[in-house]
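Asker: Mind looking over this structure? Questions follow.
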Amino acid sequence: MLQHKTDGYQSFQVTLYNREVRAAVKENQSHALLGDHWADAQIQDVRAHDESEARLLVAKRFPPDLGFVVEDLSASSY
């Protein structure tokens, strides 16, 4: 995502994985719904007004109760 800050929005980069997929892959199995790539950290870009809003958006799209774990969330430098 190559964009400048506009309309009060900032770009954030979130690194996350899925703990259920990670556990399944460790046992040489696959998750019933998610691909094995979710065992590894994935990077997603988020546009939000602030870090709190970014975390809410991430939690809505990648719910913790479905096994998603946020390793890092930081403001993008671009």
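Residues in the structure tokens are numbered from 1 in each chain, the chains being A, B, ... in the order shown, and ligands are numbered from 1 in the order shown.
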Output as a PyMOL selection string all residues of chain A that backbone DSSP marks as strand (DSSP E or B).
Answerer: chain A and resi 10-18+42-48+68-75
Asker: Set the distance at 10 Å and use only C-alpha atoms: which residues neighbour Val14 of chain A once local chain neighbours fewer than 3 positions away are removed? I'd like the list as a PyMOL selection string.
Answerer: chain A and resi 11+41-46+54-55+58+70-76
Asker: Write down as an MDAnalysis selection string the residues belonging to chain A that are assigned alpha helix (DSSP H) by DSSP computed on the backbone.
Answerer: chainID A and resid 19:26 51:61
Asker: In Å, with one decimal, what is the gap from atom CA of Leu57 of chain A to atom CA of Arg22 of chain A?
Answerer: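 Distance reported for this atom pair: 22.7 Å.
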Asker: Which is closer to Trp38 of chain A than all the others in A:Lys60, A:Phe68, A:Asp7, A:Glu53, using only C-alpha atoms?
Answerer: A:Phe68
Asker: Which residues come within 12 Å of Glu27 of chain A, counting only C-alpha atoms, excluding same-chain residues fewer than 6 positions away, as JSON, numbers by chain?
Answerer: {"A": [20, 21, 36, 39]}
